[in-house]
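Student: Take this structure first; my questions come after.
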Amino acid sequence: SKAKKEPKVRSLDFKPFYRVAAVLIVLLTSAYFLFYNTVTTIETQIAQTKTFHLPDDSQVLLNAASKITFHEKKWDDKRELNLEGEAYFQVKKGQTFSVHTTDGVVQVLGTHFNVKQREKYFEVGCYEGLVSVTHNKETVKLPPGKTFRLINNRIEAVEDFNAQNPSWMQQESSFNRIPLDQVIAELRSEE
């Protein structure tokens with residue numbers, strides 16, 4: 001009599017599947033992170049300025065020894081950037097445009113303004129439109145010709161101005177009631 005053949009039982013090994021799945025998850029997560037969280041950085045060195053356009057066609061002139069970072073992929077939802085140093089902005093009209101610094105937040109809808117944030121110094125000047133400056137939960141509105149200045153974390157009174165744009169844009173340095181250490185620091189960044 002013939003012996004009955006036992007059916008072959010094959011066990012499935014899921015270890016290779018789990019490894020492939022884990023690699024796919026890591027790759028997809030990395031791709032998502034890179035696509036949605038890519039930060040664009042534009043910076044200048046000492047004695048260098050740079051003009052560029054943001055994704056909404058707003059124009060920025062970045063002064064020497066300065067840096068701007070922003071999320072290009074999120075720009076359409078939120079027009080915001082971080083600034084270290086000094087920049088002049090010509091903002092296209094649209095939703096709120098925010099400039100974040102260590103000393104305060106500047107918000108506009110569409111206007112021309114200058115922001116300067118250096119060590120122990122923060123200044124915002126409005127050249128066109130209306131600029132909102134928030135420092136320590138206090139908000140100040142600046143019409144054209146007005147300046148908000150903070151030196152050593154103290155708000156300083158500043159005379160009105162009638163210039164079309166900041167003097168640094170013409171490679172000139174202008175200081176009005178500024179402490180000597182700030183003048184020296186600024187001149188060093190322009191060398």
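Residues in the structure tokens are named by chain (A, B, ... in the order shown) and by number from 1 within that chain; ligands are numbered from 1 in the order shown.
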As a PyMOL selection string, which residues of segment 21-167 of chain A does DSSP assign to alpha helix (DSSP H)?
Tutor: chain A and resi 21-37
Student: Applying 12 Å and only C-alpha atoms, which residues near Leu61 of chain A remain after dropping the ones on its own chain fewer than 4 positions away? List them as number ranges by chain.
Tutor: A: 42-44, 48-54, 66-68, 83, 85-91, 112-116, 165-166, 168-170
Student: Neighbouring residues of segment 128-140 of chain A were defined as those with any atom within 6 Å, considering only C-alpha atoms; residues of the same chain fewer than 2 positions away were excluded. Please report them as a PyMOL selection string.
Tutor: chain A and resi 104-108+111-112+126+142-144
Student: Can you write just those residues out, C-alpha atoms, as a PDB file, in the first residue's frame?
Tutor:
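part16.pdb, written as the output of this step:
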```
ATOM      1  CA  GLY A 104       9.238  91.848  18.100  1.00  0.00           C
ATOM      2  CA  VAL A 105       6.882  91.105  15.225  1.00  0.00           C
ATOM      3  CA  VAL A 106       6.147  93.502  12.370  1.00  0.00           C
ATOM      4  CA  GLN A 107       2.874  93.013  10.458  1.00  0.00           C
ATOM      5  CA  VAL A 108       1.532  94.701   7.336  1.00  0.00           C
ATOM      6  CA  THR A 111       3.499  98.641   2.302  1.00  0.00           C
ATOM      7  CA  HIS A 112       7.157  99.762   2.302  1.00  0.00           C
ATOM      8  CA  CYS A 126       7.403 103.035   7.873  1.00  0.00           C
ATOM      9  CA  LEU A 142       3.253 103.378  12.453  1.00  0.00           C
ATOM     10  CA  PRO A 143       2.085 105.617   9.580  1.00  0.00           C
ATOM     11  CA  PRO A 144       4.656 106.898   7.025  1.00  0.00           C
TER      12      PRO A 144
END
```
Student: Which of segment 93-170 of chain A end up as strand (DSSP E or B) when DSSP is run on this backbone - answer as a PyMOL selection string?
Tutor: chain A and resi 97-100+105-108+112-118+121-128+131-135+138-142+147-151+154-156
Student: Please indicate the distance in Å from atom CA of Asp77 of chain A to atom CA of Thr96 of chain A, rounded to one decimal place.
Tutor: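 According to the coordinates, atom CA of Asp77 of chain A and atom CA of Thr96 of chain A are separated by 10.1 Å.
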